[in-house]
Structure formats: structure tokens, C-alpha cells
Amino acid sequence: MDQYPKWFLAINFPNVIIAMGMMIFLMFGGLHPLGEVSSLFWSFMLYLITQLLWVLPIALFFISIFAWGWARERLAIGCCIAGWCINLLTFYIVLTS
């Protein structure tokens with residue numbers, strides 16, 4: 001972990017923590033933040049999209065860690081910012097549901 005600056009880990013770590021907190025509500029909370037439909041296919045698609053709201057920030061965390069290790073600092077910071085945006089969107093959706 002010495003190859004990563006402390007500020008980078010500090011801004012990147014909440015991507016995992018917030019996503020795991022939102023996972024509890026999205027998987028087990030019985031929330032349907034994107035609505036409900038009568039079609040089984042579209043219901044499953046909405047379920048998959050809802051699960052991406054917590055999986056994507058975790059994936060972006062690991063992508064940014066690997067990108068920093070490969071000396072791609074811009075990509076790493078961009079993935080971190082994208083993870084934060086998805087986390088904020090998820091928090092807003094869960095809060096308004």
C-alpha cells in the first residue's frame with residue numbers, strides 16, 4: 001500500500017463503504033427505487049439495474065486502484081469521481097424512495 005498516496009486512498013475508500021451501506025437497502029430492504037412493472041422480463045431488468053447501483057462503485061474502486069498501480073493517475077481519479085457520482089445518485093434514490 002506504500003505505492004498509493006494517502007489522499008488517494010482517503011477519497012477512494014468511501015466508494016466501498018457507501019456502496020456496501022446502500023447494498024443493504026437495495027438487496028434486503030424491499031425497495032424498488034426504479035418502480036415496479038407487471039412484465040417479468042422488465043421486472044428482472046429493473047432488478048439488475050438496481051443492483052448495478054451498488055456494484056459499479058465497488059468495481060470502480062478496484063479499477064482506480066489498479067489504474068494507479070499502472071501509472072494511470074488520470075484514469076484512477078476519474079474512476080474515483082465516477083464512483084462518488086454513482087454513490088450520490090444511489091443515496092438520493094434510496095432517500096427519496
# chains A, B, ... in the order shown; residues from 1 in each chain; ligands from 1

$ residues_around --residues "Phe62 in chain A" --least-positions-apart "2" --cutoff "12 Å" --atoms "only C-alpha atoms" --output "PDB file with N, CA and C atoms, in the first residue's frame"
ATOM      1  N   LEU A   9      -6.199   7.160  -1.308  1.00  0.00           N
ATOM      2  CA  LEU A   9      -6.945   6.130  -0.585  1.00  0.00           C
ATOM      3  C   LEU A   9      -8.074   6.734   0.228  1.00  0.00           C
ATOM      4  N   ASN A  12     -10.897   7.525  -2.102  1.00  0.00           N
ATOM      5  CA  ASN A  12     -11.387   6.350  -2.815  1.00  0.00           C
ATOM      6  C   ASN A  12     -12.089   5.355  -1.890  1.00  0.00           C
ATOM      7  N   PHE A  13     -11.689   5.284  -0.644  1.00  0.00           N
ATOM      8  CA  PHE A  13     -12.241   4.303   0.281  1.00  0.00           C
ATOM      9  C   PHE A  13     -13.752   4.454   0.512  1.00  0.00           C
ATOM     10  N   ASN A  15     -15.979   4.978  -1.532  1.00  0.00           N
ATOM     11  CA  ASN A  15     -16.706   4.307  -2.607  1.00  0.00           C
ATOM     12  C   ASN A  15     -17.155   2.918  -2.184  1.00  0.00           C
ATOM     13  N   VAL A  16     -16.331   2.224  -1.439  1.00  0.00           N
ATOM     14  CA  VAL A  16     -16.677   0.880  -0.985  1.00  0.00           C
ATOM     15  C   VAL A  16     -17.644   0.949   0.196  1.00  0.00           C
ATOM     16  N   VAL A  55     -22.976  -2.225  -7.213  1.00  0.00           N
ATOM     17  CA  VAL A  55     -21.849  -2.998  -7.727  1.00  0.00           C
ATOM     18  C   VAL A  55     -20.859  -2.100  -8.473  1.00  0.00           C
ATOM     19  N   LEU A  56     -21.352  -1.143  -9.244  1.00  0.00           N
ATOM     20  CA  LEU A  56     -20.471  -0.295 -10.037  1.00  0.00           C
ATOM     21  C   LEU A  56     -19.473   0.513  -9.201  1.00  0.00           C
ATOM     22  N   PRO A  57     -19.879   1.155  -8.085  1.00  0.00           N
ATOM     23  CA  PRO A  57     -18.870   1.875  -7.300  1.00  0.00           C
ATOM     24  C   PRO A  57     -17.769   0.974  -6.745  1.00  0.00           C
ATOM     25  N   ILE A  58     -18.111  -0.248  -6.378  1.00  0.00           N
ATOM     26  CA  ILE A  58     -17.084  -1.173  -5.891  1.00  0.00           C
ATOM     27  C   ILE A  58     -16.152  -1.565  -7.027  1.00  0.00           C
ATOM     28  N   ALA A  59     -16.708  -1.817  -8.201  1.00  0.00           N
ATOM     29  CA  ALA A  59     -15.872  -2.140  -9.363  1.00  0.00           C
ATOM     30  C   ALA A  59     -14.981  -0.958  -9.732  1.00  0.00           C
ATOM     31  N   LEU A  60     -15.527   0.263  -9.660  1.00  0.00           N
ATOM     32  CA  LEU A  60     -14.727   1.451  -9.970  1.00  0.00           C
ATOM     33  C   LEU A  60     -13.627   1.674  -8.937  1.00  0.00           C
ATOM     34  N   SER A  64      -9.821   1.853 -10.147  1.00  0.00           N
ATOM     35  CA  SER A  64      -8.970   3.002  -9.837  1.00  0.00           C
ATOM     36  C   SER A  64      -7.706   2.573  -9.102  1.00  0.00           C
ATOM     37  N   ILE A  65      -7.801   1.589  -8.227  1.00  0.00           N
ATOM     38  CA  ILE A  65      -6.607   1.091  -7.546  1.00  0.00           C
ATOM     39  C   ILE A  65      -5.631   0.480  -8.555  1.00  0.00           C
ATOM     40  N   PHE A  66      -6.152  -0.350  -9.462  1.00  0.00           N
ATOM     41  CA  PHE A  66      -5.287  -0.949 -10.473  1.00  0.00           C
ATOM     42  C   PHE A  66      -4.729   0.104 -11.423  1.00  0.00           C
ATOM     43  N   ALA A  67      -5.550   1.092 -11.794  1.00  0.00           N
ATOM     44  CA  ALA A  67      -5.081   2.137 -12.705  1.00  0.00           C
ATOM     45  C   ALA A  67      -3.963   2.949 -12.065  1.00  0.00           C
ATOM     46  N   TRP A  68      -4.063   3.242 -10.773  1.00  0.00           N
ATOM     47  CA  TRP A  68      -2.989   3.972 -10.109  1.00  0.00           C
ATOM     48  C   TRP A  68      -1.714   3.129 -10.099  1.00  0.00           C
ATOM     49  N   GLY A  69      -1.847   1.845  -9.885  1.00  0.00           N
ATOM     50  CA  GLY A  69      -0.684   0.961  -9.901  1.00  0.00           C
ATOM     51  C   GLY A  69      -0.046   0.866 -11.271  1.00  0.00           C
ATOM     52  N   LEU A  75      -6.909   8.329 -15.065  1.00  0.00           N
ATOM     53  CA  LEU A  75      -7.945   7.305 -15.105  1.00  0.00           C
ATOM     54  C   LEU A  75      -8.367   6.913 -13.696  1.00  0.00           C
ATOM     55  N   ALA A  76      -7.395   6.797 -12.799  1.00  0.00           N
ATOM     56  CA  ALA A  76      -7.692   6.413 -11.423  1.00  0.00           C
ATOM     57  C   ALA A  76      -8.559   7.453 -10.738  1.00  0.00           C
ATOM     58  N   ILE A  77      -8.225   8.710 -10.889  1.00  0.00           N
ATOM     59  CA  ILE A  77      -9.013   9.776 -10.257  1.00  0.00           C
ATOM     60  C   ILE A  77     -10.372   9.893 -10.928  1.00  0.00           C
ATOM     61  N   CYS A  79     -12.109   7.416 -12.282  1.00  0.00           N
ATOM     62  CA  CYS A  79     -12.926   6.300 -11.777  1.00  0.00           C
ATOM     63  C   CYS A  79     -13.394   6.569 -10.360  1.00  0.00           C
ATOM     64  N   CYS A  80     -12.547   7.195  -9.578  1.00  0.00           N
ATOM     65  CA  CYS A  80     -12.935   7.546  -8.210  1.00  0.00           C
ATOM     66  C   CYS A  80     -14.082   8.557  -8.215  1.00  0.00           C
ATOM     67  N   GLY A  83     -17.281   6.844  -9.288  1.00  0.00           N
ATOM     68  CA  GLY A  83     -17.829   6.076  -8.173  1.00  0.00           C
ATOM     69  C   GLY A  83     -18.562   6.959  -7.174  1.00  0.00           C
TER      70      GLY A  83
END

$ select_by_dssp --residues "chain A" --states "alpha helix (DSSP H)" --output "VMD selection string"
chain A and resid 6 to 28 40 to 69 73 to 96

$ write_last_selection --atoms "C-alpha atoms" --output "PDB file, in the first residue's frame"
ATOM      1  CA  LYS A   6      -2.852   8.576   1.486  1.00  0.00           C
ATOM      2  CA  TRP A   7      -5.072  11.268  -0.052  1.00  0.00           C
ATOM      3  CA  PHE A   8      -5.961   8.938  -2.929  1.00  0.00           C
ATOM      4  CA  LEU A   9      -6.945   6.130  -0.585  1.00  0.00           C
ATOM      5  CA  ALA A  10      -8.885   8.592   1.584  1.00  0.00           C
ATOM      6  CA  ILE A  11     -11.035   9.818  -1.305  1.00  0.00           C
ATOM      7  CA  ASN A  12     -11.387   6.350  -2.815  1.00  0.00           C
ATOM      8  CA  PHE A  13     -12.241   4.303   0.281  1.00  0.00           C
ATOM      9  CA  PRO A  14     -15.761   5.777   0.780  1.00  0.00           C
ATOM     10  CA  ASN A  15     -16.706   4.307  -2.607  1.00  0.00           C
ATOM     11  CA  VAL A  16     -16.677   0.880  -0.985  1.00  0.00           C
ATOM     12  CA  ILE A  17     -18.182   1.879   2.368  1.00  0.00           C
ATOM     13  CA  ILE A  18     -21.103   3.856   0.931  1.00  0.00           C
ATOM     14  CA  ALA A  19     -21.822   1.191  -1.692  1.00  0.00           C
ATOM     15  CA  MET A  20     -21.907  -1.548   0.947  1.00  0.00           C
ATOM     16  CA  GLY A  21     -24.273   0.553   3.047  1.00  0.00           C
ATOM     17  CA  MET A  22     -26.583   1.070   0.087  1.00  0.00           C
ATOM     18  CA  MET A  23     -26.391  -2.640  -0.759  1.00  0.00           C
ATOM     19  CA  ILE A  24     -28.264  -3.446   2.430  1.00  0.00           C
ATOM     20  CA  PHE A  25     -31.199  -1.285   1.378  1.00  0.00           C
ATOM     21  CA  LEU A  26     -31.199  -2.305  -2.283  1.00  0.00           C
ATOM     22  CA  MET A  27     -30.900  -6.065  -1.763  1.00  0.00           C
ATOM     23  CA  PHE A  28     -32.688  -6.681   1.519  1.00  0.00           C
ATOM     24  CA  LEU A  40     -41.471 -10.446 -15.595  1.00  0.00           C
ATOM     25  CA  PHE A  41     -38.706  -9.592 -18.082  1.00  0.00           C
ATOM     26  CA  TRP A  42     -38.747  -5.851 -17.366  1.00  0.00           C
ATOM     27  CA  SER A  43     -39.021  -6.501 -13.659  1.00  0.00           C
ATOM     28  CA  PHE A  44     -35.839  -8.573 -13.851  1.00  0.00           C
ATOM     29  CA  MET A  45     -34.107  -5.871 -15.921  1.00  0.00           C
ATOM     30  CA  LEU A  46     -35.018  -3.220 -13.337  1.00  0.00           C
ATOM     31  CA  TYR A  47     -33.664  -5.512 -10.638  1.00  0.00           C
ATOM     32  CA  LEU A  48     -30.346  -5.837 -12.487  1.00  0.00           C
ATOM     33  CA  ILE A  49     -30.082  -2.084 -13.000  1.00  0.00           C
ATOM     34  CA  THR A  50     -30.855  -1.528  -9.325  1.00  0.00           C
ATOM     35  CA  GLN A  51     -28.083  -3.930  -8.317  1.00  0.00           C
ATOM     36  CA  LEU A  52     -25.642  -2.079 -10.567  1.00  0.00           C
ATOM     37  CA  LEU A  53     -26.139   0.962  -8.331  1.00  0.00           C
ATOM     38  CA  TRP A  54     -24.032  -0.676  -5.622  1.00  0.00           C
ATOM     39  CA  VAL A  55     -21.849  -2.998  -7.727  1.00  0.00           C
ATOM     40  CA  LEU A  56     -20.471  -0.295 -10.037  1.00  0.00           C
ATOM     41  CA  PRO A  57     -18.870   1.875  -7.300  1.00  0.00           C
ATOM     42  CA  ILE A  58     -17.084  -1.173  -5.891  1.00  0.00           C
ATOM     43  CA  ALA A  59     -15.872  -2.140  -9.363  1.00  0.00           C
ATOM     44  CA  LEU A  60     -14.727   1.451  -9.970  1.00  0.00           C
ATOM     45  CA  PHE A  61     -12.820   1.343  -6.679  1.00  0.00           C
ATOM     46  CA  PHE A  62     -10.804  -1.653  -7.845  1.00  0.00           C
ATOM     47  CA  ILE A  63     -10.336  -0.212 -11.337  1.00  0.00           C
ATOM     48  CA  SER A  64      -8.970   3.002  -9.837  1.00  0.00           C
ATOM     49  CA  ILE A  65      -6.607   1.091  -7.546  1.00  0.00           C
ATOM     50  CA  PHE A  66      -5.287  -0.949 -10.473  1.00  0.00           C
ATOM     51  CA  ALA A  67      -5.081   2.137 -12.705  1.00  0.00           C
ATOM     52  CA  TRP A  68      -2.989   3.972 -10.109  1.00  0.00           C
ATOM     53  CA  GLY A  69      -0.684   0.961  -9.901  1.00  0.00           C
ATOM     54  CA  GLU A  73      -3.355   8.674 -12.454  1.00  0.00           C
ATOM     55  CA  ARG A  74      -5.988  10.492 -14.517  1.00  0.00           C
ATOM     56  CA  LEU A  75      -7.945   7.305 -15.105  1.00  0.00           C
ATOM     57  CA  ALA A  76      -7.692   6.413 -11.423  1.00  0.00           C
ATOM     58  CA  ILE A  77      -9.013   9.776 -10.257  1.00  0.00           C
ATOM     59  CA  GLY A  78     -11.723   9.722 -12.948  1.00  0.00           C
ATOM     60  CA  CYS A  79     -12.926   6.300 -11.777  1.00  0.00           C
ATOM     61  CA  CYS A  80     -12.935   7.546  -8.210  1.00  0.00           C
ATOM     62  CA  ILE A  81     -15.054  10.559  -9.156  1.00  0.00           C
ATOM     63  CA  ALA A  82     -17.419   8.362 -11.199  1.00  0.00           C
ATOM     64  CA  GLY A  83     -17.829   6.076  -8.173  1.00  0.00           C
ATOM     65  CA  TRP A  84     -18.653   9.065  -5.993  1.00  0.00           C
ATOM     66  CA  CYS A  85     -21.262  10.270  -8.519  1.00  0.00           C
ATOM     67  CA  ILE A  86     -22.935   6.857  -8.633  1.00  0.00           C
ATOM     68  CA  ASN A  87     -22.889   6.681  -4.820  1.00  0.00           C
ATOM     69  CA  LEU A  88     -24.508  10.109  -4.541  1.00  0.00           C
ATOM     70  CA  LEU A  89     -27.146   9.131  -7.118  1.00  0.00           C
ATOM     71  CA  THR A  90     -27.849   5.898  -5.227  1.00  0.00           C
ATOM     72  CA  PHE A  91     -28.085   7.743  -1.915  1.00  0.00           C
ATOM     73  CA  TYR A  92     -30.550  10.201  -3.444  1.00  0.00           C
ATOM     74  CA  ILE A  93     -32.652   7.430  -4.980  1.00  0.00           C
ATOM     75  CA  VAL A  94     -32.771   5.453  -1.726  1.00  0.00           C
ATOM     76  CA  LEU A  95     -33.527   8.596   0.278  1.00  0.00           C
ATOM     77  CA  THR A  96     -36.467   9.565  -1.940  1.00  0.00           C
TER      78      THR A  96
END
